[in-house]
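Asks: Below is the file coords.cif, with mmCIF, C-alpha atoms and all ligand atoms.
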```cif
data_input
loop_
_atom_site.label_atom_id
_atom_site.label_comp_id
_atom_site.auth_asym_id
_atom_site.auth_seq_id
_atom_site.Cartn_x
_atom_site.Cartn_y
_atom_site.Cartn_z
CA MET O 1 26.97 3.08 -55.53
CA ILE O 2 28.28 1.84 -58.87
CA ILE O 3 27.99 -1.89 -59.59
CA ASN O 4 31.02 -1.85 -61.86
CA ASN O 5 33.95 -3.59 -60.16
CA GLU O 6 31.96 -4.58 -57.04
CA VAL O 7 31.81 -8.07 -55.54
CA ALA O 8 28.29 -9.50 -55.26
CA MET O 9 26.56 -12.49 -53.69
CA VAL O 10 23.26 -13.75 -55.08
CA THR O 11 21.43 -16.79 -53.72
CA GLY O 12 18.68 -18.53 -55.63
CA ALA O 13 20.72 -17.62 -58.68
CA ALA O 14 19.86 -20.68 -60.76
CA SER O 15 16.32 -19.58 -61.51
CA GLY O 16 13.85 -16.74 -61.88
CA ILE O 17 14.64 -13.45 -60.19
CA GLY O 18 18.06 -14.50 -58.83
CA ARG O 19 19.16 -15.65 -62.26
CA ALA O 20 17.97 -12.48 -63.99
CA LEU O 21 19.74 -10.40 -61.37
CA THR O 22 22.98 -12.32 -61.77
CA TYR O 23 22.95 -11.63 -65.53
CA GLU O 24 22.18 -7.95 -64.89
CA LEU O 25 24.98 -7.54 -62.33
CA ALA O 26 27.46 -9.16 -64.72
CA GLN O 27 26.22 -6.93 -67.54
CA ARG O 28 26.80 -3.89 -65.32
CA GLY O 29 30.41 -4.86 -64.75
CA ALA O 30 30.44 -6.60 -61.35
CA LYS O 31 33.97 -7.87 -60.68
CA ALA O 32 32.79 -11.16 -59.19
CA ILE O 33 29.44 -12.71 -58.31
CA GLY O 34 28.93 -15.62 -55.91
CA VAL O 35 26.20 -17.54 -57.73
CA VAL O 36 24.53 -19.76 -55.15
CA ASP O 37 21.77 -22.33 -55.47
CA LEU O 38 20.61 -25.80 -54.52
CA SER O 39 20.27 -26.70 -58.18
CA ASP O 40 22.96 -28.01 -60.55
CA ASP O 41 21.79 -25.35 -63.02
CA VAL O 42 23.99 -22.92 -61.13
CA PHE O 43 27.05 -24.25 -63.01
CA ASN O 44 25.45 -23.86 -66.40
CA ILE O 45 24.32 -20.33 -65.64
CA ALA O 46 27.77 -19.32 -64.39
CA ASP O 47 29.29 -20.72 -67.60
CA LYS O 48 26.85 -18.75 -69.76
CA ILE O 49 27.51 -15.52 -67.88
CA ASN O 50 31.25 -15.98 -68.04
CA SER O 51 31.25 -16.64 -71.76
CA ARG O 52 28.95 -13.65 -72.30
CA VAL O 53 31.20 -11.23 -70.38
CA GLY O 54 34.42 -12.92 -71.42
CA GLY O 55 35.89 -13.59 -67.95
CA GLN O 56 35.51 -15.56 -64.72
CA VAL O 57 32.96 -13.23 -63.12
CA ALA O 58 30.34 -15.75 -61.98
CA LEU O 59 31.55 -18.20 -59.33
CA PRO O 60 29.06 -21.05 -58.93
CA PHE O 61 28.34 -22.70 -55.57
CA LYS O 62 25.87 -25.54 -55.18
CA GLY O 63 24.41 -25.98 -51.70
CA ASP O 64 21.66 -25.33 -49.22
CA VAL O 65 21.43 -21.69 -48.08
CA THR O 66 20.15 -22.81 -44.67
CA ALA O 67 23.48 -24.51 -43.88
CA PRO O 68 25.79 -22.14 -41.95
CA ASP O 69 28.97 -24.05 -42.89
CA PHE O 70 28.11 -23.81 -46.59
CA ARG O 71 27.40 -20.08 -46.24
CA LYS O 72 30.72 -19.43 -44.49
CA ALA O 73 32.65 -21.52 -47.03
CA VAL O 74 31.11 -19.59 -49.94
CA TYR O 75 31.98 -16.23 -48.38
CA ASP O 76 35.49 -17.48 -47.52
CA GLN O 77 36.17 -18.45 -51.13
CA VAL O 78 34.65 -15.37 -52.75
CA CYS O 79 36.33 -12.95 -50.33
CA ALA O 80 39.71 -14.70 -50.56
CA ALA O 81 39.67 -14.51 -54.34
CA HIS O 82 38.08 -11.08 -54.91
CA GLY O 83 37.85 -9.11 -51.67
CA VAL O 84 34.98 -8.14 -49.44
CA VAL O 85 31.41 -8.63 -50.70
CA SER O 86 29.67 -5.30 -51.15
CA ILE O 87 26.37 -6.37 -52.76
CA CYS O 88 24.25 -9.11 -51.24
CA VAL O 89 20.87 -10.19 -52.58
CA PRO O 90 19.71 -13.37 -50.86
CA ALA O 91 16.97 -14.36 -53.30
CA ALA O 92 16.66 -18.13 -52.71
CA GLY O 93 13.14 -18.95 -51.68
CA LEU O 94 10.34 -21.44 -51.80
CA THR O 95 6.60 -21.66 -51.23
CA ARG O 96 4.60 -24.35 -49.44
CA ASP O 97 1.05 -23.10 -49.78
CA ALA O 98 -1.90 -24.36 -47.76
CA LEU O 99 -4.70 -22.73 -45.81
CA ALA O 100 -3.75 -21.84 -42.23
CA VAL O 101 -6.84 -23.73 -41.01
CA ARG O 102 -8.87 -26.04 -43.23
CA LEU O 103 -12.08 -27.65 -42.01
CA ASN O 104 -12.89 -31.15 -43.21
CA LYS O 105 -16.66 -30.97 -43.57
CA GLU O 106 -17.05 -34.73 -43.47
CA THR O 107 -15.19 -35.32 -40.21
CA GLY O 108 -15.88 -31.90 -38.70
CA LYS O 109 -12.19 -31.68 -37.80
CA ALA O 110 -10.06 -28.63 -38.58
CA HIS O 111 -6.54 -29.16 -39.88
CA MET O 112 -3.85 -26.60 -39.14
CA TYR O 113 -0.89 -25.71 -41.38
CA GLU O 114 1.86 -28.23 -40.56
CA GLU O 115 4.38 -26.85 -38.07
CA GLU O 116 7.21 -28.71 -39.75
CA THR O 117 6.37 -27.03 -43.05
CA PHE O 118 6.14 -23.66 -41.32
CA ARG O 119 9.67 -24.20 -39.96
CA LEU O 120 11.02 -25.19 -43.38
CA VAL O 121 9.57 -22.10 -45.06
CA THR O 122 10.84 -19.73 -42.40
CA GLU O 123 14.28 -21.40 -42.44
CA VAL O 124 14.64 -20.80 -46.19
CA ASP O 125 12.66 -17.59 -46.70
CA LEU O 126 13.38 -15.70 -43.48
CA ILE O 127 16.34 -16.96 -41.45
CA ALA O 128 18.64 -17.87 -44.35
CA PRO O 129 18.39 -14.52 -46.19
CA ILE O 130 18.99 -12.66 -42.93
CA TYR O 131 22.13 -14.70 -42.21
CA TRP O 132 23.50 -14.38 -45.76
CA ALA O 133 23.09 -10.62 -45.27
CA LEU O 134 24.60 -10.61 -41.77
CA GLU O 135 27.57 -12.58 -43.10
CA ALA O 136 28.22 -9.79 -45.63
CA VAL O 137 27.97 -7.09 -42.97
CA ALA O 138 30.14 -9.06 -40.51
CA ARG O 139 32.87 -9.45 -43.11
CA MET O 140 32.63 -5.77 -43.99
CA ALA O 141 33.01 -4.92 -40.27
CA GLU O 142 36.09 -7.16 -39.98
CA TYR O 143 37.58 -5.77 -43.19
CA ARG O 144 37.18 -2.21 -41.93
CA HIS O 145 38.65 -3.06 -38.53
CA LYS O 146 41.64 -4.72 -40.20
CA HIS O 147 42.24 -1.57 -42.24
CA GLY O 148 41.98 0.70 -39.20
CA LYS O 149 38.58 2.09 -40.13
CA GLY O 150 35.98 2.74 -37.44
CA ARG O 151 32.58 4.33 -37.89
CA TRP O 152 31.80 4.90 -41.55
CA ASP O 153 32.07 8.45 -42.83
CA PRO O 154 29.70 9.44 -45.69
CA ALA O 155 32.71 11.03 -47.40
CA GLU O 156 33.99 7.47 -47.99
CA GLY O 157 31.01 6.70 -50.21
CA VAL O 158 28.60 3.82 -49.64
CA GLN O 159 30.48 0.59 -48.91
CA GLY O 160 27.77 -1.98 -49.51
CA THR O 161 24.11 -2.71 -50.14
CA ILE O 162 21.83 -5.52 -49.04
CA ILE O 163 18.53 -6.04 -50.84
CA PHE O 164 16.05 -8.55 -49.42
CA ILE O 165 13.37 -10.02 -51.66
CA GLY O 166 10.07 -9.46 -49.91
CA SER O 167 6.75 -10.01 -51.69
CA VAL O 168 3.28 -8.57 -52.05
CA SER O 169 2.41 -11.52 -49.81
CA SER O 170 4.11 -9.71 -46.92
CA GLN O 171 0.79 -7.90 -46.58
CA GLY O 172 -1.01 -11.20 -46.21
CA ASN O 173 -2.15 -13.71 -48.80
CA LYS O 174 -4.55 -16.61 -48.53
CA GLY O 175 -2.76 -19.95 -48.33
CA GLN O 176 0.60 -18.40 -47.49
CA ILE O 177 0.72 -18.19 -43.71
CA ALA O 178 4.38 -19.24 -43.49
CA TYR O 179 5.56 -17.47 -46.66
CA ALA O 180 3.77 -14.22 -45.75
CA THR O 181 5.18 -14.38 -42.22
CA SER O 182 8.69 -14.82 -43.64
CA LYS O 183 8.37 -11.96 -46.11
CA ALA O 184 6.91 -9.63 -43.48
CA GLY O 185 9.69 -10.71 -41.12
CA LEU O 186 12.30 -9.57 -43.64
CA GLU O 187 10.89 -6.05 -43.30
CA GLY O 188 11.74 -6.09 -39.58
CA ALA O 189 15.20 -7.45 -40.23
CA ALA O 190 15.86 -4.86 -42.94
CA ALA O 191 14.60 -2.00 -40.78
CA THR O 192 17.02 -3.05 -38.04
CA MET O 193 19.93 -3.56 -40.43
CA MET O 194 19.24 -0.15 -41.95
CA LYS O 195 19.97 1.31 -38.54
CA GLU O 196 22.90 -0.92 -37.59
CA ALA O 197 24.81 -1.71 -40.79
CA ILE O 198 25.23 1.91 -41.86
CA PHE O 199 27.84 2.07 -39.08
CA TYR O 200 29.99 0.15 -41.59
CA GLY O 201 28.63 2.05 -44.60
CA VAL O 202 26.19 -0.67 -45.65
CA ARG O 203 22.65 0.20 -46.78
CA CYS O 204 19.74 -2.19 -46.66
CA GLY O 205 16.40 -2.30 -48.46
CA VAL O 206 13.52 -4.58 -49.39
CA ILE O 207 11.93 -5.04 -52.80
CA HIS O 208 8.41 -6.44 -52.89
CA PRO O 209 7.85 -8.07 -56.28
CA GLY O 210 4.37 -8.86 -57.46
CA PHE O 211 3.64 -12.04 -59.41
CA THR O 212 6.71 -12.56 -61.57
CA ASP O 213 7.12 -15.00 -64.43
CA THR O 214 9.33 -17.60 -62.75
CA PRO O 215 9.02 -21.34 -62.06
CA MET O 216 7.72 -20.47 -58.58
CA VAL O 217 4.69 -18.72 -60.05
CA ARG O 218 4.28 -20.98 -63.09
CA ALA O 219 3.89 -23.85 -60.59
CA LEU O 220 0.52 -22.31 -59.70
CA GLY O 221 -0.76 -23.43 -63.12
CA GLU O 222 -2.01 -21.48 -66.13
CA GLU O 223 -5.64 -21.64 -65.04
CA PHE O 224 -4.93 -20.22 -61.58
CA ILE O 225 -2.79 -17.44 -63.03
CA GLU O 226 -5.45 -16.48 -65.61
CA LYS O 227 -8.29 -16.60 -63.08
CA TYR O 228 -6.79 -15.30 -59.85
CA VAL O 229 -3.60 -13.40 -60.65
CA LEU O 230 -3.83 -11.47 -63.89
CA PRO O 231 -7.25 -9.86 -63.26
CA ASP O 232 -5.83 -8.30 -60.07
CA THR O 233 -2.85 -6.66 -61.78
CA GLN O 234 -3.02 -3.34 -63.59
CA LEU O 235 -0.61 -4.52 -66.28
CA GLY O 236 -2.67 -7.64 -67.01
CA ARG O 237 0.47 -9.77 -67.25
CA LEU O 238 3.12 -11.34 -65.08
CA ILE O 239 6.15 -9.21 -64.31
CA ARG O 240 9.32 -10.23 -66.13
CA PRO O 241 12.23 -11.32 -63.87
CA GLU O 242 14.40 -8.81 -65.76
CA GLU O 243 12.11 -6.00 -64.59
CA ILE O 244 12.66 -7.02 -60.97
CA ALA O 245 16.41 -7.35 -61.57
CA ASP O 246 16.44 -3.83 -63.00
CA ALA O 247 14.52 -2.51 -59.98
CA ILE O 248 16.99 -4.21 -57.61
CA CYS O 249 19.89 -2.58 -59.47
CA PHE O 250 18.11 0.77 -59.14
CA MET O 251 17.93 0.22 -55.37
CA ILE O 252 21.61 -0.72 -55.26
CA THR O 253 22.85 2.17 -57.35
CA ASN O 254 20.69 4.98 -56.02
CA SER O 255 21.85 5.56 -52.46
CA ALA O 256 19.05 8.03 -51.79
CA VAL O 257 16.58 5.15 -51.95
CA SER O 258 16.04 3.62 -48.55
CA GLY O 259 13.35 1.38 -47.17
CA GLU O 260 11.05 -0.59 -49.41
CA LEU O 261 10.16 -0.62 -53.09
CA TRP O 262 6.93 -2.14 -54.39
CA ALA O 263 7.43 -3.62 -57.84
CA ASP O 264 4.02 -5.23 -58.05
CA ALA O 265 2.54 -4.22 -61.43
CA GLY O 266 -0.32 -2.56 -59.55
CA TRP O 267 -1.42 -5.61 -57.60
CA HIS O 268 -4.91 -5.08 -56.18
CA PRO O 269 -6.31 -8.34 -54.87
CA SER O 270 -10.01 -8.47 -54.13
CA ALA O 271 -11.13 -8.32 -50.51
CA ALA O 272 -12.94 -11.65 -50.73
N1 LIG W 1 8.04 -15.08 -58.59
C1 LIG W 1 7.33 -14.23 -57.87
O1 LIG W 1 6.22 -13.85 -58.25
C2 LIG W 1 7.88 -13.66 -56.61
C3 LIG W 1 7.17 -12.62 -56.01
C4 LIG W 1 7.63 -12.07 -54.83
C5 LIG W 1 8.80 -12.54 -54.28
N2 LIG W 1 9.46 -13.58 -54.86
C6 LIG W 1 10.70 -14.02 -54.22
O2 LIG W 1 11.75 -13.91 -55.13
C7 LIG W 1 12.76 -14.87 -54.81
C8 LIG W 1 13.08 -15.68 -56.04
O3 LIG W 1 11.91 -16.39 -56.44
P1 LIG W 1 11.65 -16.88 -57.92
O4 LIG W 1 10.27 -16.54 -58.25
O5 LIG W 1 12.75 -16.46 -58.78
O6 LIG W 1 11.65 -18.46 -57.66
P2 LIG W 1 12.38 -19.66 -58.39
O7 LIG W 1 11.71 -20.87 -57.86
O8 LIG W 1 12.43 -19.43 -59.85
O9 LIG W 1 13.88 -19.56 -57.83
C9 LIG W 1 14.17 -19.81 -56.50
C10 LIG W 1 15.54 -20.46 -56.44
O10 LIG W 1 15.87 -20.66 -55.06
C11 LIG W 1 16.53 -21.90 -54.97
N3 LIG W 1 16.42 -22.43 -53.62
C12 LIG W 1 15.31 -22.78 -52.94
N4 LIG W 1 15.61 -23.26 -51.76
C13 LIG W 1 16.97 -23.23 -51.64
C14 LIG W 1 17.88 -23.61 -50.63
N5 LIG W 1 17.48 -24.12 -49.47
N6 LIG W 1 19.21 -23.41 -50.86
C15 LIG W 1 19.65 -22.90 -52.04
N7 LIG W 1 18.81 -22.52 -53.03
C16 LIG W 1 17.49 -22.69 -52.84
C17 LIG W 1 15.85 -22.81 -55.98
O11 LIG W 1 16.65 -23.92 -56.33
C18 LIG W 1 15.59 -21.84 -57.12
O12 LIG W 1 16.63 -21.90 -58.07
C19 LIG W 1 12.18 -15.72 -53.67
O13 LIG W 1 12.68 -15.21 -52.45
C20 LIG W 1 10.70 -15.46 -53.77
O14 LIG W 1 10.06 -15.64 -52.55
C21 LIG W 1 9.03 -14.14 -56.02
#
```
Using structure tokens, write down the structure from this file.
Replies:
Amino acid sequence: MIINNEVAMVTGAASGIGRALTYELAQRGAKAIGVVDLSDDVFNIADKINSRVGGQVALPFKGDVTAPDFRKAVYDQVCAAHGVVSICVPAAGLTRDALAVRLNKETGKAHMYEEETFRLVTEVDLIAPIYWALEAVARMAEYRHKHGKGRWDPAEGVQGTIIFIGSVSSQGNKGQIAYATSKAGLEGAAATMMKEAIFYGVRCGVIHPGFTDTPMVRALGEEFIEKYVLPDTQLGRLIRPEEIADAICFMITNSAVSGELWADAGWHPSAA
């Protein structure tokens, strides 16, 4: 699949990996990119991209990815202006780290990870990305039906690609019960979509980035990163968001790649 002239949707596009990917897609000639984020920065980033490529490629949308009405409105506007979305990378995400069970030695009481927080994390990191992806596939299905096309034929060429952003935490990580559950859950969703969405010519994959130099990771603090992150990576540094963006584009453009890609800089956490 060639990115040039395709219509893309990227959530979490105001920061980190989503932002780097948005720049990369524009650089590779995407016709239009829905640039979605909760942050006002989304407008600034769209402006920068548009002045860099010399056209109205990036279309900024500020809103909460967990809101179905917002999601539908964004797709309505992008599709009405530029046609069906063929690349979807729902990258918006957050962390709310805390031990699953923490014993207070003074009171002898054990505190469990807050259920409300668990719901928030899974809403943003699991359910929302799945529905932004399903929205793309649903619109592709409707578009094909409208144009008298049934089951996809490989001779047509790949019609679309969904890439979920998993994480090395999908294999389990201390303090990330809700985040790890969400990222592992995306693997199940992707595996199912890989089987279903190809009916409409849409591929689906998951990239699992290791610790990447974004505000999400910087929020851990320099000391934590130096002590607990870098020693467990083979590269001895954080991954650059541009490296993950490049890997995502590789997954989009190389249709022989299916399943999951680990872009983790050789992450080997200790067993302790
Ligand atoms: N940075 C890493 O090391 C790393 C590793 C593995 C996976 N990831 C995943 O990559 C993705 C991007 O993370 P990042 O590191 O670039 O983080 P980031 O914090 O730099 O960017 C995340 C963006 O998502 C947006 N966002 C959060 N909640 C939202 C909501 N409800 N609606 C709309 N936008 C919302 C934020 O405003 C922010 O701009 C996330 O899914 C994250 O879980 C990151």
Asks: What lies within 6 Å of Thr233 of chain O using only C-alpha atoms, ignoring chain neighbours under 2 positions off, as a PyMOL selection string?
Replies: chain O and resi 230-231+235-236+265-267
Asks: Save out the residues we just selected, C-alpha atoms, as a PDB file, keeping the file's coordinate frame.
Replies:
```pdb
ATOM      1  CA  LEU O 230      -3.830 -11.470 -63.890  1.00  0.00           C
ATOM      2  CA  PRO O 231      -7.250  -9.860 -63.260  1.00  0.00           C
ATOM      3  CA  LEU O 235      -0.610  -4.520 -66.280  1.00  0.00           C
ATOM      4  CA  GLY O 236      -2.670  -7.640 -67.010  1.00  0.00           C
ATOM      5  CA  ALA O 265       2.540  -4.220 -61.430  1.00  0.00           C
ATOM      6  CA  GLY O 266      -0.320  -2.560 -59.550  1.00  0.00           C
ATOM      7  CA  TRP O 267      -1.420  -5.610 -57.600  1.00  0.00           C
TER       8      TRP O 267
END
```
Asks: Compare O:Gly63, O:Gly29, O:Pro154, O:Gly54 by their minimum atom-to-atom distance to Ala14 of chain O, counting only C-alpha atoms, and give me the closest one.
Replies: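 That would be O:Gly63, the residue with the smallest distance to Ala14 of chain O.
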Asks: Using all atoms listed in the file, I'd like a table of the residues in chain O that come within 7 Å of ligand LIG 1 (chain W); for each, show the closest atom pair and its distance in Å rounded to one decimal, ordered by chain and ascending number, as a tab-separated table.
Replies:
```
residue	atom	partner	partner_atom	distance
O:Thr11	CA	W:LIG1	N7	6.3
O:Gly12	CA	W:LIG1	O10	3.6
O:Ala13	CA	W:LIG1	O12	6.0
O:Ala14	CA	W:LIG1	O12	4.4
O:Ser15	CA	W:LIG1	O12	4.2
O:Gly16	CA	W:LIG1	O5	3.3
O:Ile17	CA	W:LIG1	O5	3.8
O:Gly18	CA	W:LIG1	O5	5.7
O:Val36	CA	W:LIG1	C15	6.6
O:Asp37	CA	W:LIG1	N7	3.8
O:Leu38	CA	W:LIG1	C15	3.9
O:Ser39	CA	W:LIG1	O11	4.9
O:Gly63	CA	W:LIG1	C15	5.7
O:Asp64	CA	W:LIG1	N6	3.5
O:Val65	CA	W:LIG1	N6	4.0
O:Thr66	CA	W:LIG1	N5	5.6
O:Ala91	CA	W:LIG1	O13	4.5
O:Ala92	CA	W:LIG1	O10	3.5
O:Gly93	CA	W:LIG1	O13	3.8
O:Leu94	CA	W:LIG1	C12	5.3
O:Val124	CA	W:LIG1	N5	5.5
O:Asp125	CA	W:LIG1	O13	6.2
O:Ile165	CA	W:LIG1	O13	5.3
O:Gly166	CA	W:LIG1	C5	5.5
O:Ser167	CA	W:LIG1	C4	3.9
O:Val168	CA	W:LIG1	C4	6.2
O:His208	CA	W:LIG1	C4	6.0
O:Pro209	CA	W:LIG1	C4	4.3
O:Gly210	CA	W:LIG1	C3	4.9
O:Phe211	CA	W:LIG1	O1	3.4
O:Thr212	CA	W:LIG1	O1	3.6
O:Asp213	CA	W:LIG1	N1	5.9
O:Thr214	CA	W:LIG1	O8	4.6
O:Pro215	CA	W:LIG1	O8	4.5
O:Met216	CA	W:LIG1	O7	4.1
O:Val217	CA	W:LIG1	N1	5.2
```
Asks: Of the residues O:Asp76, O:Leu220, O:His147, O:Leu261, which is the one nearest to Cys249 of chain O, using all atoms listed in the file?
Replies: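 Ranked by minimum distance to Cys249 of chain O, first place goes to O:Leu261.
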Asks: Quote the spacing between atom CA of Glu142 of chain O and atom CA of Val85 of chain O in Å to one decimal place.
Replies: 11.8 Å
Asks: Near Glu260 of chain O, within 8 Å and counting all atoms listed in the file, which residues show up once chain neighbours fewer than 3 positions away are dropped, as a ChimeraX atom specification?
Replies: /O:205-208
Asks: List as a list in words the protein and nucleic acid residues near Thr22 of chain O, meaning an atom at most 8 Å away when all atoms listed in the file are counted, but skip any in the same chain fewer than 5 places from it.
Replies: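 Near neighbours after the sequence-gap exclusion: Val10, Ala13, Ile33 and Val35 of chain O.
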Asks: Just the number, please: distance in Å from atom CA of Thr122 of chain O to atom CA of Ala190 of chain O, one decimal.
Replies: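 One can read the atom CA of Thr122 of chain O to atom CA of Ala190 of chain O distance as 15.7 Å.
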Asks: Extract, using all atoms listed in the file, all DNA, RNA and protein residues at most 9 Å from Ile198 of chain O, discarding same-chain residues fewer than 3 positions from it, and format them as an MDAnalysis selection string.
Replies: chainID O and resid 151:152 158:160 193:195 201:204
Asks: Can you measure atom CA of Arg96 of chain O to atom CA of Phe118 of chain O for me? One decimal in Å is fine.
Replies: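 One can read the atom CA of Arg96 of chain O to atom CA of Phe118 of chain O distance as 8.3 Å.
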Asks: Using all atoms listed in the file, pick whichever of O:Phe61, O:Ser169, O:Glu24, O:Lys109 has the shortest atom-to-atom distance to Asp41 of chain O.
Replies: O:Phe61
Asks: Return the single residue from O:Ala80, O:Leu126, O:Leu120, O:Ala155 that is closest to Arg139 of chain O, with distances computed using all atoms listed in the file.
Replies: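 The shortest atom-to-atom distance to Arg139 of chain O comes from O:Ala80.
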Asks: Around (9.3, -20.2, -42.5) in the file's frame, which residues reach within 12 Å when counting all atoms listed in the file? Return as a VMD selection string?
Replies: chain O and resid 66 93 to 97 113 to 129 176 to 186
Asks: Hey, can you pull every residue with an atom no more than 9 Å from (37.3, -18.5, -60.4), using all atoms listed in the file, and send it as a short mmCIF file (atom, residue, chain, number, x, y, z; two decimals) with C-alpha atoms, in the frame of the given file?
Replies:
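As written to disk, selection.cif reads:
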```
data_model
loop_
_atom_site.label_atom_id
_atom_site.label_comp_id
_atom_site.auth_asym_id
_atom_site.auth_seq_id
_atom_site.Cartn_x
_atom_site.Cartn_y
_atom_site.Cartn_z
CA ALA O 32 32.79 -11.16 -59.19
CA GLN O 56 35.51 -15.56 -64.72
CA VAL O 57 32.96 -13.23 -63.12
CA ALA O 58 30.34 -15.75 -61.98
CA LEU O 59 31.55 -18.20 -59.33
CA PRO O 60 29.06 -21.05 -58.93
CA VAL O 78 34.65 -15.37 -52.75
CA ALA O 81 39.67 -14.51 -54.34
#
```
Asks: Given the choices O:Ala73, O:Ile244, O:Val137, O:Ala46, which gets closest to Ala20 of chain O if the distance is worked out from all atoms listed in the file?
Replies: O:Ile244
Asks: Between O:Ser258, O:Ser51, O:Thr192, O:Thr161, which has the minimum distance to Met1 of chain O (counting all atoms listed in the file)?
Replies: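 For Met1 of chain O, the nearest of the candidates is O:Thr161.
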Asks: Leaving out Val53 of chain O and any residue of its chain fewer than 6 positions from it, which residues lie within 10 Å of it when counting all atoms listed in the file, given as a list in words?
Replies: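 Those residues are Tyr23, Ala26, Gln27, Arg28 and Gly29 of chain O.
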Asks: Just add N, CA and C atoms to segment 192-204 of chain O and send it as an mmCIF file, in the frame of the given file.
Replies:
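Printed below is part00.cif as written:
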```
data_model
loop_
_atom_site.group_PDB
_atom_site.id
_atom_site.type_symbol
_atom_site.label_atom_id
_atom_site.label_comp_id
_atom_site.auth_asym_id
_atom_site.auth_seq_id
_atom_site.Cartn_x
_atom_site.Cartn_y
_atom_site.Cartn_z
ATOM 1 N N THR O 192 15.979 -3.027 -39.081
ATOM 2 C CA THR O 192 17.020 -3.050 -38.040
ATOM 3 C C THR O 192 18.411 -2.905 -38.670
ATOM 4 N N MET O 193 18.627 -3.644 -39.759
ATOM 5 C CA MET O 193 19.930 -3.560 -40.430
ATOM 6 C C MET O 193 20.173 -2.172 -41.003
ATOM 7 N N MET O 194 19.084 -1.515 -41.438
ATOM 8 C CA MET O 194 19.240 -0.150 -41.950
ATOM 9 C C MET O 194 19.835 0.757 -40.884
ATOM 10 N N LYS O 195 19.469 0.485 -39.641
ATOM 11 C CA LYS O 195 19.970 1.310 -38.540
ATOM 12 C C LYS O 195 21.362 0.881 -38.100
ATOM 13 N N GLU O 196 21.625 -0.420 -38.113
ATOM 14 C CA GLU O 196 22.900 -0.920 -37.590
ATOM 15 C C GLU O 196 24.033 -0.928 -38.634
ATOM 16 N N ALA O 197 23.723 -1.429 -39.838
ATOM 17 C CA ALA O 197 24.810 -1.710 -40.790
ATOM 18 C C ALA O 197 25.411 -0.445 -41.389
ATOM 19 N N ILE O 198 24.683 0.659 -41.304
ATOM 20 C CA ILE O 198 25.230 1.910 -41.860
ATOM 21 C C ILE O 198 26.465 2.347 -41.056
ATOM 22 N N PHE O 199 26.623 1.807 -39.860
ATOM 23 C CA PHE O 199 27.840 2.070 -39.080
ATOM 24 C C PHE O 199 29.065 1.670 -39.899
ATOM 25 N N TYR O 200 28.891 0.635 -40.730
ATOM 26 C CA TYR O 200 29.990 0.150 -41.590
ATOM 27 C C TYR O 200 29.814 0.629 -43.040
ATOM 28 N N GLY O 201 28.841 1.506 -43.249
ATOM 29 C CA GLY O 201 28.630 2.050 -44.600
ATOM 30 C C GLY O 201 27.760 1.179 -45.487
ATOM 31 N N VAL O 202 27.013 0.246 -44.863
ATOM 32 C CA VAL O 202 26.190 -0.670 -45.650
ATOM 33 C C VAL O 202 24.715 -0.284 -45.554
ATOM 34 N N ARG O 203 24.086 -0.112 -46.719
ATOM 35 C CA ARG O 203 22.650 0.200 -46.780
ATOM 36 C C ARG O 203 21.860 -1.105 -46.872
ATOM 37 N N CYS O 204 20.580 -1.007 -46.581
ATOM 38 C CA CYS O 204 19.740 -2.190 -46.660
ATOM 39 C C CYS O 204 18.336 -1.815 -47.106
#
```
